[in-house]
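File shown: work_35.txt (compact mmCIF, C-alpha atoms).
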# COMPACT_ATOMS: atom_id res chain seq x y z
CA MET A 1 -5.62 -35.26 -6.23
CA LYS A 2 -6.99 -32.13 -4.57
CA GLN A 3 -8.01 -29.39 -7.02
CA ILE A 4 -8.26 -25.72 -6.04
CA ASP A 5 -9.71 -22.95 -8.17
CA ALA A 6 -8.13 -19.72 -6.89
CA ARG A 7 -8.95 -17.59 -9.92
CA GLY A 8 -10.11 -14.09 -9.08
CA LEU A 9 -8.91 -14.30 -5.49
CA SER A 10 -6.52 -11.69 -4.13
CA CYS A 11 -3.79 -12.02 -1.50
CA PRO A 12 -3.69 -13.87 0.80
CA GLN A 13 -6.62 -16.13 -0.20
CA PRO A 14 -4.88 -18.38 -2.77
CA VAL A 15 -2.05 -19.20 -0.37
CA LEU A 16 -4.50 -19.74 2.51
CA LEU A 17 -6.46 -22.27 0.43
CA VAL A 18 -3.30 -24.11 -0.57
CA LYS A 19 -1.95 -24.20 2.98
CA LYS A 20 -5.27 -25.50 4.26
CA ALA A 21 -5.18 -28.32 1.71
CA MET A 22 -1.59 -29.14 2.65
CA ALA A 23 -2.31 -29.05 6.37
CA SER A 24 -5.22 -31.49 6.07
CA GLY A 25 -2.62 -34.24 5.53
CA GLU A 26 -4.92 -35.95 3.02
CA ASN A 27 -3.26 -34.64 -0.11
CA ASP A 28 0.22 -35.42 -1.41
CA SER A 29 -0.61 -33.79 -4.71
CA ILE A 30 -2.51 -30.53 -5.26
CA GLU A 31 -3.53 -28.84 -8.49
CA VAL A 32 -4.18 -25.09 -8.30
CA LEU A 33 -5.62 -22.89 -11.01
CA VAL A 34 -4.75 -19.19 -10.68
CA ASP A 35 -5.03 -16.15 -12.93
CA SER A 36 -2.42 -13.79 -11.54
CA ALA A 37 1.36 -13.89 -11.60
CA VAL A 38 1.34 -12.75 -7.97
CA ALA A 39 -0.58 -15.85 -6.90
CA VAL A 40 1.86 -18.05 -8.87
CA GLU A 41 4.83 -16.45 -7.10
CA ASN A 42 3.27 -16.54 -3.63
CA ILE A 43 2.05 -20.14 -3.84
CA SER A 44 5.35 -21.33 -5.35
CA ARG A 45 7.34 -19.61 -2.60
CA VAL A 46 5.29 -21.04 0.25
CA ALA A 47 5.04 -24.53 -1.28
CA SER A 48 8.79 -24.72 -1.88
CA SER A 49 9.54 -23.59 1.65
CA LEU A 50 7.27 -26.36 2.98
CA GLY A 51 9.07 -29.01 0.93
CA TRP A 52 6.70 -29.39 -2.02
CA ASP A 53 7.75 -29.60 -5.66
CA VAL A 54 6.15 -26.94 -7.85
CA ALA A 55 5.53 -27.22 -11.58
CA ALA A 56 3.82 -24.35 -13.41
CA THR A 57 2.00 -24.77 -16.70
CA PRO A 58 1.12 -21.41 -18.23
CA LYS A 59 -2.10 -21.26 -20.23
CA GLU A 60 -3.62 -18.24 -21.94
CA ASP A 61 -4.66 -16.07 -19.03
CA GLU A 62 -4.14 -18.65 -16.34
CA VAL A 63 -1.48 -20.82 -14.79
CA GLN A 64 -1.96 -24.36 -13.57
CA LEU A 65 0.28 -25.22 -10.63
CA GLN A 66 1.06 -28.81 -9.75
CA LEU A 67 2.22 -29.19 -6.18
CA VAL A 68 3.66 -32.55 -5.16
CA GLN A 69 4.91 -33.41 -1.69
CA LYS A 70 8.54 -34.50 -1.81
CA MET P 1 1.13 -15.77 -18.80
CA GLN P 2 4.75 -15.14 -17.91
CA VAL P 3 6.04 -17.06 -14.88
CA LYS P 4 9.64 -15.89 -14.33
CA ASN P 5 10.13 -12.51 -12.66
CA LEU P 6 13.55 -11.57 -11.33
CA LEU P 7 12.31 -8.68 -9.19
CA ALA P 8 9.99 -11.06 -7.33
CA THR P 9 12.97 -13.07 -6.06
CA THR P 10 14.50 -12.46 -2.63
CA SER P 11 17.37 -10.41 -4.04
CA GLY P 12 14.84 -8.55 -6.20
CA ILE P 13 12.61 -7.46 -3.31
CA VAL P 14 15.66 -6.46 -1.23
CA ALA P 15 17.02 -4.36 -4.09
CA VAL P 16 13.65 -2.67 -4.64
CA GLY P 17 13.25 -1.93 -0.92
CA ALA P 18 16.70 -0.38 -0.76
CA VAL P 19 16.08 1.67 -3.91
CA ILE P 20 12.79 3.03 -2.52
CA GLY P 21 14.55 3.99 0.72
CA VAL P 22 17.43 5.78 -1.01
CA LEU P 23 15.17 7.58 -3.49
CA ALA P 24 12.78 8.70 -0.74
CA SER P 25 15.64 10.18 1.27
CA THR P 26 16.91 11.86 -1.89
CA LEU P 27 13.50 13.44 -2.51
CA GLN P 28 13.66 14.85 1.02
CA HIS P 29 17.10 16.24 0.26
CA LEU P 30 15.66 17.85 -2.89
CA GLY P 31 12.78 19.52 -1.10
CA ASN P 32 10.14 17.06 0.08
CA PRO P 33 9.11 17.35 3.75
CA ALA P 34 11.38 15.75 6.35
CA ASN P 35 10.94 11.99 6.83
CA MET P 36 8.28 12.17 4.11
CA GLY P 37 10.16 11.23 0.94
CA ILE P 38 7.10 9.47 -0.38
CA CYS P 39 4.27 9.15 2.11
CA VAL P 40 1.33 7.75 0.20
CA ALA P 41 -1.22 8.79 2.84
CA CYS P 42 0.22 12.30 3.32
CA PHE P 43 0.56 12.87 -0.41
CA GLU P 44 -2.97 11.73 -1.18
CA ARG P 45 -4.06 14.08 1.60
CA ASP P 46 -2.08 16.89 -0.07
CA ILE P 47 -3.79 16.09 -3.38
CA ALA P 48 -7.20 16.28 -1.66
CA GLY P 49 -6.11 19.70 -0.40
CA SER P 50 -4.86 20.87 -3.78
CA LEU P 51 -8.29 20.08 -5.22
CA GLY P 52 -9.99 21.98 -2.41
CA LEU P 53 -11.63 18.88 -0.93
CA HIS P 54 -10.27 20.12 2.37
CA ARG P 55 -9.01 23.60 3.12
CA ALA P 56 -6.14 22.99 5.55
CA ALA P 57 -3.87 25.61 4.01
CA ILE P 58 -0.56 23.98 4.97
CA VAL P 59 -1.20 20.63 3.27
CA GLN P 60 -2.33 21.52 -0.24
CA TYR P 61 -0.13 20.39 -3.11
CA LEU P 62 -0.87 18.18 -6.09
CA ARG P 63 1.89 15.65 -5.39
CA PRO P 64 3.35 14.24 -8.61
CA GLU P 65 4.65 11.23 -6.66
CA ILE P 66 1.19 9.64 -6.40
CA ILE P 67 0.70 10.11 -10.15
CA GLY P 68 4.12 8.60 -10.86
CA LEU P 69 3.57 5.58 -8.61
CA CYS P 70 0.36 4.69 -10.42
CA LEU P 71 1.62 5.35 -13.94
CA GLY P 72 4.91 3.53 -13.28
CA ALA P 73 2.96 0.47 -12.16
CA PHE P 74 0.66 0.88 -15.16
CA LEU P 75 3.65 0.91 -17.54
CA ALA P 76 5.16 -2.17 -15.87
CA ALA P 77 1.84 -4.00 -16.05
CA ILE P 78 1.39 -3.13 -19.74
CA THR P 79 5.00 -4.07 -20.54
CA PHE P 80 4.82 -7.48 -18.88
CA GLY P 81 1.28 -8.42 -19.83
CA GLU P 82 -0.09 -7.96 -16.32
CA PHE P 83 -2.61 -5.21 -17.03
CA LYS P 84 -5.85 -7.00 -16.19
CA PRO P 85 -9.05 -5.03 -15.71
CA ARG P 86 -10.78 -6.70 -12.79
CA GLY P 87 -13.14 -5.83 -9.97
CA GLY P 88 -16.26 -6.76 -8.10
CA SER P 89 -14.69 -7.88 -4.83
CA ALA P 90 -16.73 -5.80 -2.36
CA PRO P 91 -15.89 -2.41 -3.94
CA ALA P 92 -18.04 -0.34 -1.58
CA GLN P 93 -16.52 -1.96 1.49
CA ARG P 94 -13.06 -1.37 0.06
CA PHE P 95 -13.91 2.32 -0.29
CA VAL P 96 -14.84 2.33 3.42
CA LEU P 97 -11.63 0.47 4.31
CA GLY P 98 -9.59 3.09 2.45
CA PHE P 99 -11.54 5.88 4.13
CA ILE P 100 -10.91 4.46 7.62
CA ALA P 101 -7.29 3.55 6.85
CA MET P 102 -6.60 7.17 5.96
CA ILE P 103 -8.15 8.46 9.18
CA GLY P 104 -5.90 6.11 11.16
CA ALA P 105 -2.82 7.04 9.16
CA LEU P 106 -3.47 10.75 9.73
CA VAL P 107 -3.86 10.20 13.48
CA PHE P 108 -0.35 8.71 13.42
CA LEU P 109 0.79 11.13 10.68
CA GLY P 110 1.96 8.76 8.01
CA CYS P 111 1.35 5.60 6.05
CA PRO P 112 3.46 2.49 6.70
CA TRP P 113 6.07 3.74 4.24
CA ARG P 114 6.39 6.98 6.15
CA ALA P 115 6.61 5.06 9.43
CA LEU P 116 9.64 3.31 7.93
CA PHE P 117 11.10 6.59 6.62
CA ARG P 118 10.58 8.18 10.03
CA LEU P 119 12.36 5.25 11.66
CA GLY P 120 15.23 5.56 9.18
CA GLY P 121 15.40 9.26 10.01
CA GLY P 122 15.71 8.64 13.77
CA ASP P 123 12.11 9.46 14.76
CA TRP P 124 11.57 6.84 17.47
CA ASN P 125 7.84 7.61 17.60
CA ALA P 126 7.75 5.56 14.42
CA LEU P 127 8.49 2.47 16.52
CA VAL P 128 5.24 3.06 18.41
CA GLY P 129 3.39 3.49 15.12
CA LEU P 130 4.97 0.35 13.65
CA ALA P 131 4.02 -1.61 16.77
CA GLY P 132 0.45 -0.42 16.21
CA LEU P 133 0.65 -1.32 12.51
CA ALA P 134 1.87 -4.83 13.34
CA THR P 135 -0.89 -5.21 15.94
CA GLY P 136 -3.59 -4.13 13.49
CA ILE P 137 -2.29 -6.46 10.80
CA TYR P 138 -2.11 -9.30 13.35
CA ILE P 139 -5.78 -8.73 14.19
CA GLY P 140 -6.42 -8.89 10.44
CA THR P 141 -4.72 -12.28 10.21
CA LEU P 142 -7.01 -13.57 12.96
CA PHE P 143 -9.96 -12.65 10.74
CA PHE P 144 -8.32 -14.40 7.78
CA ARG P 145 -7.80 -17.52 9.87
CA ALA P 146 -11.47 -17.38 10.81
CA GLY P 147 -12.48 -17.31 7.14
CA PHE P 148 -12.64 -13.59 6.36
CA ASN P 149 -12.88 -13.04 2.62
CA LEU P 150 -14.14 -10.08 0.58
CA GLY P 151 -14.99 -12.42 -2.31
CA GLY P 152 -13.37 -12.95 -5.67
CA SER P 153 -13.00 -10.40 -8.43
CA LYS P 154 -14.08 -10.88 -12.02
CA ALA P 155 -12.73 -9.64 -15.32
CA GLN P 156 -13.99 -6.17 -16.21
CA THR P 157 -13.98 -4.01 -19.31
CA LYS P 158 -10.82 -2.17 -20.31
CA ALA P 159 -12.53 1.11 -19.46
CA THR P 160 -12.89 -0.02 -15.84
CA GLY P 161 -9.23 -1.00 -15.68
CA TYR P 162 -8.09 2.37 -16.96
CA VAL P 163 -9.93 4.41 -14.31
CA LEU P 164 -7.07 5.06 -11.87
CA PRO P 165 -4.36 5.63 -14.53
CA VAL P 166 -6.68 8.05 -16.35
CA ILE P 167 -7.53 9.89 -13.13
CA MET P 168 -3.78 10.25 -12.58
CA LEU P 169 -3.28 11.56 -16.12
CA GLY P 170 -6.06 14.06 -15.46
CA LEU P 171 -4.37 15.21 -12.25
CA LEU P 172 -1.07 15.55 -14.12
CA ALA P 173 -2.80 17.67 -16.75
CA LEU P 174 -4.20 19.93 -14.01
CA ARG P 175 -0.76 20.20 -12.40
CA LEU P 176 0.84 21.19 -15.71
CA TYR P 177 -1.96 23.54 -16.78
CA PHE P 178 -2.10 25.34 -13.44
CA PRO P 179 1.54 25.51 -12.28
CA GLN P 180 2.48 26.97 -8.93
CA VAL P 181 2.77 30.75 -8.79
CA GLN P 182 5.44 31.71 -6.28
CA GLY P 183 3.88 32.96 -3.04
CA GLN P 184 0.31 32.52 -4.26
CA PRO P 185 -2.15 30.12 -2.58
CA ASN P 186 -4.00 29.43 -5.83
CA SER P 187 -3.30 28.71 -9.44
CA GLY P 188 -6.46 28.26 -11.50
CA VAL P 189 -8.56 25.61 -9.78
CA LEU P 190 -5.66 24.26 -7.70
CA PHE P 191 -4.61 25.23 -4.20
CA TYR P 192 -0.93 25.50 -3.33
CA SER P 193 0.37 25.75 0.25
CA THR P 194 2.60 28.75 0.79
CA SER P 195 3.90 27.41 4.11
CA GLY P 196 4.04 24.12 6.00
CA PRO P 197 4.58 20.62 4.60
CA GLY P 198 2.54 21.36 1.48
CA ALA P 199 5.01 24.07 0.51
CA ALA P 200 7.94 21.66 0.75
CA HIS P 201 8.45 19.72 -2.42
CA ALA P 202 11.11 18.54 -4.82
CA PRO P 203 10.96 19.81 -8.41
CA LEU P 204 8.02 18.43 -10.40
CA ALA P 205 10.10 16.49 -12.93
CA VAL P 206 12.24 14.86 -10.23
CA SER P 207 9.24 13.86 -8.12
CA LEU P 208 7.44 12.43 -11.12
CA GLY P 209 10.50 10.64 -12.51
CA VAL P 210 11.47 9.06 -9.20
CA ALA P 211 7.92 7.90 -8.55
CA LEU P 212 7.63 6.41 -12.04
CA VAL P 213 10.73 4.32 -11.33
CA ILE P 214 9.45 3.24 -7.92
CA GLY P 215 6.01 2.43 -9.32
CA PHE P 216 7.53 0.32 -12.08
CA LEU P 217 9.85 -1.58 -9.72
CA ALA P 218 7.26 -2.02 -6.99
CA GLN P 219 4.68 -3.43 -9.38
CA ARG P 220 7.21 -6.00 -10.60
CA SER P 221 8.47 -6.90 -7.13
CA ARG P 222 4.99 -6.83 -5.42
CA PHE P 223 6.51 -4.67 -2.66
CA CYS P 224 3.95 -4.30 0.14
CA SER P 225 4.62 -3.04 3.64
CA MET P 226 1.40 -4.55 5.01
CA GLY P 227 2.04 -7.88 3.30
CA ALA P 228 5.46 -7.98 4.97
CA PHE P 229 3.86 -8.29 8.41
CA ARG P 230 0.85 -10.32 7.26
CA ASP P 231 2.92 -13.00 5.53
CA LEU P 232 5.18 -13.23 8.56
CA PHE P 233 2.23 -13.76 10.91
CA LEU P 234 0.12 -15.91 8.60
CA PHE P 235 2.67 -17.98 6.68
CA LYS P 236 5.96 -17.40 8.56
CA GLN P 237 7.29 -16.00 5.25
CA ILE P 238 9.95 -13.29 5.50
CA HIS P 239 10.15 -12.51 1.77
CA LEU P 240 8.33 -9.14 1.81
CA MET P 241 9.75 -8.29 5.25
CA LEU P 242 13.25 -8.44 3.74
CA GLY P 243 12.13 -5.72 1.34
CA VAL P 244 10.84 -3.60 4.22
CA LEU P 245 14.08 -4.04 6.17
CA ALA P 246 16.07 -3.12 3.06
CA LEU P 247 13.94 0.02 2.72
CA VAL P 248 14.79 1.08 6.29
CA ALA P 249 18.48 0.35 5.66
CA GLY P 250 18.38 2.31 2.42
CA VAL P 251 16.68 5.37 3.88
CA PHE P 252 18.96 5.28 6.95
CA ALA P 253 22.12 5.11 4.83
CA ALA P 254 20.99 7.91 2.54
CA ASN P 255 19.86 10.03 5.51
CA MET P 256 23.31 9.65 7.06
CA TYR P 257 24.87 10.68 3.76
CA PHE P 258 22.63 13.76 3.43
CA GLY P 259 22.85 14.64 7.14
CA GLN P 260 19.12 14.02 7.61
CA PHE P 261 19.31 11.60 10.56
CA HIS P 262 18.18 13.08 13.89
CA ALA P 263 17.46 10.58 16.66
CA GLY P 264 14.86 11.11 19.38
CA PHE P 265 11.20 11.23 20.37
CA GLU P 266 10.93 15.00 20.80
CA GLY P 267 10.72 17.69 18.15
CA GLN P 268 10.56 15.31 15.22
CA PRO P 269 9.35 16.84 11.94
CA ILE P 270 5.62 16.54 11.18
CA ALA P 271 5.13 14.12 14.06
CA HIS P 272 3.75 14.07 17.59
CA ASN P 273 4.79 11.95 20.55
CA GLN P 274 1.42 10.97 21.97
CA HIS P 275 2.14 7.27 22.10
CA LEU P 276 -1.46 6.20 22.62
CA TRP P 277 -2.62 7.88 19.41
CA ASN P 278 0.45 6.95 17.39
CA PHE P 279 -0.21 3.36 18.37
CA SER P 280 -3.99 3.19 18.04
CA GLY P 281 -4.11 5.22 14.82
CA MET P 282 -1.84 2.65 13.22
CA VAL P 283 -3.71 -0.31 14.73
CA MET P 284 -6.76 0.96 12.88
CA ALA P 285 -4.86 1.67 9.65
CA GLY P 286 -3.07 -1.69 9.81
CA LEU P 287 -6.30 -3.62 10.25
CA ALA P 288 -7.89 -1.75 7.34
CA PHE P 289 -4.88 -2.43 5.08
CA ALA P 290 -4.89 -6.10 6.08
CA LEU P 291 -8.60 -6.58 5.40
CA ALA P 292 -8.20 -4.83 2.03
CA GLY P 293 -5.09 -6.86 1.13
CA GLY P 294 -2.51 -4.13 0.65
CA CYS P 295 -0.75 -1.08 2.02
CA PRO P 296 -1.56 2.32 0.41
CA GLY P 297 1.34 2.03 -2.03
CA ARG P 298 0.36 -1.46 -3.09
CA GLN P 299 -3.24 -0.33 -3.62
CA ILE P 300 -2.02 2.35 -6.03
CA PHE P 301 0.11 -0.21 -7.91
CA LEU P 302 -2.85 -2.59 -8.13
CA GLY P 303 -5.01 0.26 -9.40
CA GLY P 304 -2.36 0.83 -12.06
CA GLU P 305 -2.68 -2.84 -13.05
CA GLY P 306 -6.39 -2.38 -13.68
CA ASP P 307 -7.70 -3.52 -10.27
CA ALA P 308 -10.89 -1.49 -9.81
CA ASP P 309 -11.29 -2.70 -6.22
CA ALA P 310 -7.90 -1.23 -5.29
CA THR P 311 -8.95 1.93 -7.12
CA MET P 312 -11.96 2.17 -4.78
CA PHE P 313 -9.61 1.88 -1.80
CA VAL P 314 -7.42 4.70 -3.16
CA LEU P 315 -10.44 6.94 -3.74
CA GLY P 316 -11.67 6.09 -0.24
CA MET P 317 -8.33 7.23 1.15
CA ILE P 318 -8.51 10.56 -0.67
CA VAL P 319 -12.06 11.22 0.59
CA GLY P 320 -11.02 10.04 4.06
CA ALA P 321 -8.21 12.59 4.02
CA ALA P 322 -10.61 15.39 3.14
CA VAL P 323 -12.97 14.41 5.96
CA SER P 324 -10.04 14.05 8.37
CA HIS P 325 -9.01 17.65 7.86
CA ASN P 326 -12.52 19.07 7.58
CA PHE P 327 -13.70 17.42 10.80
CA GLY P 328 -10.58 17.83 12.96
CA LEU P 329 -9.66 14.15 12.94
CA ALA P 330 -6.08 14.52 11.69
CA SER P 331 -3.23 15.01 14.16
CA SER P 332 -0.68 17.79 14.00
CA GLY P 333 2.74 18.27 15.51
CA ALA P 334 0.93 19.24 18.72
CA GLY P 335 -0.85 15.90 19.00
CA ALA P 336 -4.15 14.26 18.17
CA GLY P 337 -6.85 16.39 16.54
CA PRO P 338 -9.91 17.34 18.64
CA ASN P 339 -12.05 14.61 17.08
CA GLY P 340 -9.28 12.10 16.31
CA PRO P 341 -9.86 9.84 19.33
CA VAL P 342 -13.58 9.42 18.73
CA ALA P 343 -12.90 8.77 15.03
CA VAL P 344 -10.50 5.97 15.98
CA ALA P 345 -13.15 4.42 18.22
CA ILE P 346 -15.85 4.58 15.54
CA GLY P 347 -13.46 3.44 12.80
CA MET P 348 -12.28 0.43 14.81
CA PHE P 349 -15.88 -0.56 15.46
CA ILE P 350 -16.69 -0.43 11.74
CA LEU P 351 -13.58 -2.45 10.87
CA LEU P 352 -14.51 -5.14 13.39
CA VAL P 353 -18.01 -5.32 11.93
CA ILE P 354 -16.54 -5.68 8.42
CA GLY P 355 -14.19 -8.36 9.75
CA PHE P 356 -16.93 -10.36 11.42
CA VAL P 357 -19.62 -10.19 8.73
CA ASN P 358 -17.51 -11.07 5.65
CA LYS P 359 -17.13 -14.80 5.62
CA ASN P 360 -17.93 -15.42 1.98
CA LYS P 361 -17.22 -18.75 0.42
CA ALA P 362 -14.41 -18.27 -2.08

Represent the structure contained in this file as structure tokens.
Amino acid sequence: MKQIDARGLSCPQPVLLVKKAMASGENDSIEVLVDSAVAVENISRVASSLGWDVAATPKEDEVQLQLVQK
Amino acid sequence: MQVKNLLATTSGIVAVGAVIGVLASTLQHLGNPANMGICVACFERDIAGSLGLHRAAIVQYLRPEIIGLCLGAFLAAITFGEFKPRGGSAPAQRFVLGFIAMIGALVFLGCPWRALFRLGGGDWNALVGLAGLATGIYIGTLFFRAGFNLGGSKAQTKATGYVLPVIMLGLLALRLYFPQVQGQPNSGVLFYSTSGPGAAHAPLAVSLGVALVIGFLAQRSRFCSMGAFRDLFLFKQIHLMLGVLALVAGVFAANMYFGQFHAGFEGQPIAHNQHLWNFSGMVMAGLAFALAGGCPGRQIFLGGEGDADATMFVLGMIVGAAVSHNFGLASSGAGAGPNGPVAVAIGMFILLVIGFVNKNKA
């Protein structure tokens, strides 16, 4: 599983990193760690539109996103 | 951390865009300059003038809208646990980006929001400006594709996060302590235009109240006029663009209702029809917004959330406005300022350097 640490990154970096990982074709499951609600919303929106399932696990100041290709 | 946010849905962003459009048109009806319901660039420029940072007598007024936008976003961030003091992502470069963005916006005569308000008011020169904005943002996406990155931010102290909201509270205190004296160009330390756009304003309480609402909603919805184009080019996402389109629809509908729609290229209020400079001013502004990750409004909302990097961009814009008017860079209704064209050339060069040299590893 590909893991991405997008904490501290502002738009559009988190989504760019996720899209790059998706486009490589090597990952059918991606785990992303983010620390802003904006990044959660943006990644979820793009991943859903590209046909990936999104599961968000909120932690204290962070959210772990599990993206799985349908 | 909260995950659900209704205003960040498609219907949420459309509603917020429409509300901003209607409220901006209403502010014009109540006294704000034509097609300038809330122009973040123009109003920061007016604030620079009110503080005497520039002495262009017709654009000096401490606009409560800017204060309201920031404090509304601050309240939303506090309410929903999103106030997060952070910074350290190339703050000095972000100051420069804000500085250059403002110069470009004042060559066109408006920020992206005002370009949309002008369009919704029938000023077709706005189409030229928006084409420039889209072009500048597109160039920005090319840099992003090539690995452009200003680096990550880190958590900062609360004091750092409070800087922009506290500056805004300070400005509000000045505005209340030194109220406008009818017909006088000064009140205490503040300058007040007695004619021109700076003399046109809605009542203080209305301006502040409306902007508080917009700031609150925009922080929740992440409304961003630059992001609308960027996400379309970069990710083929239309989410933010739907908000922008709703804003134009909202301002158009309200302008029709108030009788404020006047179509044409000629004789538009606080605008010029030199297509080259309308276009290239906004190319420069659009590229600067893209590299900095947000339009002027969004930067204020981020500053209200505790983002010190966005705060640097906002301060850069205010200083850029002062320099624009002191050095003859800003346009007027007659056209580009005497030094506007050379400023666009220098500014574009600096932006391209910033774009090429920042390829930090995330």

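Of the residues under consideration (A:Asp5, A:Asp53, A:Glu41, A:Glu31), A:Asp53 shows the shortest atom-to-atom contact distance to Val68 (chain A) when counting all atoms listed in the file.
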
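In this comparison, which uses all atoms listed in the file, the residue of A:Val63, A:Ile43, A:Ala55, A:Lys70 approaching chain P most closely is A:Val63.
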
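Note that the spacing between CA of Gly87 (chain P) and CA of Lys154 (chain P) amounts to 5.5 Å.
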
- Please report as a VMD selection string which residues of chain P come no farther than 6 Å from chain A, using only C-alpha atoms. chain P and resid 1 152 to 154 293

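Across P:Thr135, P:Gly121, P:Leu287, P:Phe74, the tightest approach to Tyr257 (chain P) is made by P:Gly121 when counting only C-alpha atoms.
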
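All protein and nucleic acid residues in the vicinity of (-0.3, 11.2, 3.4), that is within 8 Å when counting all atoms listed in the file, are Cys39, Val40, Ala41, Cys42, Phe43, Glu44, Arg45, Asp46, Met102, Ala105, Leu106, Leu109, Gly110 and Cys111 of chain P.
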
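Our summary of the geometry notes that CA of Leu119 (chain P) is positioned 22.2 Å from CA of Val59 (chain P).
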
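Counting from CA of His325 (chain P), the distance to CA of Ser225 (chain P) is 25.1 Å.
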
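Counting all atoms listed in the file and comparing P:Arg222, P:Arg55, P:His29, P:Lys359, the residue that lies closest to Gly294 (chain P) is P:Arg222.
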
Excluding same-chain residues fewer than 5 positions from Asn125 (chain P), what lies within 8 Å of it counting only C-alpha atoms, as an mmCIF file with C-alpha atoms, in the coordinates of the input?
data_model
loop_
_atom_site.group_PDB
_atom_site.id
_atom_site.type_symbol
_atom_site.label_atom_id
_atom_site.label_comp_id
_atom_site.auth_asym_id
_atom_site.auth_seq_id
_atom_site.Cartn_x
_atom_site.Cartn_y
_atom_site.Cartn_z
ATOM 1 C CA LEU P 119 12.360 5.250 11.660
ATOM 2 C CA PHE P 265 11.200 11.230 20.370
ATOM 3 C CA ALA P 271 5.130 14.120 14.060
ATOM 4 C CA HIS P 272 3.750 14.070 17.590
ATOM 5 C CA ASN P 273 4.790 11.950 20.550
ATOM 6 C CA HIS P 275 2.140 7.270 22.100
ATOM 7 C CA ASN P 278 0.450 6.950 17.390
#

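Using only C-alpha atoms for every distance, the candidate list P:Ala76, P:Leu240, P:Ile67, P:Ala285 yields P:Leu240 as the residue closest to Ala228 (chain P).
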
- Query: Pick from P:Leu208, P:Ser25, P:Trp277, P:Asp307: nearest to Gly337 (chain P), with all atoms listed in the file counted?
  - Reply: P:Trp277

- Close residues, region 189-205 of chain P itself excluded, 7 Å, only C-alpha atoms, min 6 positions apart in chain, as a PyMOL selection string: chain P and resi 27+30-33+46+49-52+57-61+64+178+180+183

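Taking only C-alpha atoms into account, the residues near (-14.7, 16.3, -0.2), no farther than 7 Å, are P:Leu53, P:His54, P:Val319, P:Ala322, P:Val323.
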
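Residues in contact range of Asn5 (chain P), defined as at most 10 Å between all atoms listed in the file, with sequence neighbours fewer than 3 positions away removed, read Ala37, Val38 and Glu41 of chain A; Gln2, Ala8, Thr9, Gly12, Phe80, Arg220 and Ser221 of chain P.
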
Once N, CA and C atoms are restored for region 49-60 of chain A, what would the output be as a PDB file, in the frame of the given file?
ATOM      1  N   SER A  49       8.996 -23.684   0.303  1.00  0.00           N
ATOM      2  CA  SER A  49       9.540 -23.590   1.650  1.00  0.00           C
ATOM      3  C   SER A  49       9.000 -24.704   2.547  1.00  0.00           C
ATOM      4  N   LEU A  50       7.848 -25.276   2.177  1.00  0.00           N
ATOM      5  CA  LEU A  50       7.270 -26.360   2.980  1.00  0.00           C
ATOM      6  C   LEU A  50       7.659 -27.733   2.431  1.00  0.00           C
ATOM      7  N   GLY A  51       8.566 -27.733   1.432  1.00  0.00           N
ATOM      8  CA  GLY A  51       9.070 -29.010   0.930  1.00  0.00           C
ATOM      9  C   GLY A  51       8.195 -29.655  -0.132  1.00  0.00           C
ATOM     10  N   TRP A  52       7.500 -28.855  -0.926  1.00  0.00           N
ATOM     11  CA  TRP A  52       6.700 -29.390  -2.020  1.00  0.00           C
ATOM     12  C   TRP A  52       7.366 -29.012  -3.345  1.00  0.00           C
ATOM     13  N   ASP A  53       7.287 -29.916  -4.307  1.00  0.00           N
ATOM     14  CA  ASP A  53       7.750 -29.600  -5.660  1.00  0.00           C
ATOM     15  C   ASP A  53       6.668 -28.801  -6.371  1.00  0.00           C
ATOM     16  N   VAL A  54       7.101 -27.794  -7.143  1.00  0.00           N
ATOM     17  CA  VAL A  54       6.150 -26.940  -7.850  1.00  0.00           C
ATOM     18  C   VAL A  54       6.426 -26.996  -9.350  1.00  0.00           C
ATOM     19  N   ALA A  55       5.401 -27.294 -10.127  1.00  0.00           N
ATOM     20  CA  ALA A  55       5.530 -27.220 -11.580  1.00  0.00           C
ATOM     21  C   ALA A  55       4.415 -26.312 -12.095  1.00  0.00           C
ATOM     22  N   ALA A  56       4.805 -25.313 -12.898  1.00  0.00           N
ATOM     23  CA  ALA A  56       3.820 -24.350 -13.410  1.00  0.00           C
ATOM     24  C   ALA A  56       3.602 -24.569 -14.893  1.00  0.00           C
ATOM     25  N   THR A  57       2.341 -24.657 -15.290  1.00  0.00           N
ATOM     26  CA  THR A  57       2.000 -24.770 -16.700  1.00  0.00           C
ATOM     27  C   THR A  57       1.195 -23.550 -17.114  1.00  0.00           C
ATOM     28  N   PRO A  58       1.852 -22.608 -17.814  1.00  0.00           N
ATOM     29  CA  PRO A  58       1.120 -21.410 -18.230  1.00  0.00           C
ATOM     30  C   PRO A  58       0.099 -21.731 -19.307  1.00  0.00           C
ATOM     31  N   LYS A  59      -1.104 -21.170 -19.154  1.00  0.00           N
ATOM     32  CA  LYS A  59      -2.100 -21.260 -20.230  1.00  0.00           C
ATOM     33  C   LYS A  59      -2.349 -19.828 -20.685  1.00  0.00           C
ATOM     34  N   GLU A  60      -3.415 -19.585 -21.385  1.00  0.00           N
ATOM     35  CA  GLU A  60      -3.620 -18.240 -21.940  1.00  0.00           C
ATOM     36  C   GLU A  60      -3.571 -17.147 -20.875  1.00  0.00           C
TER      37      GLU A  60
END
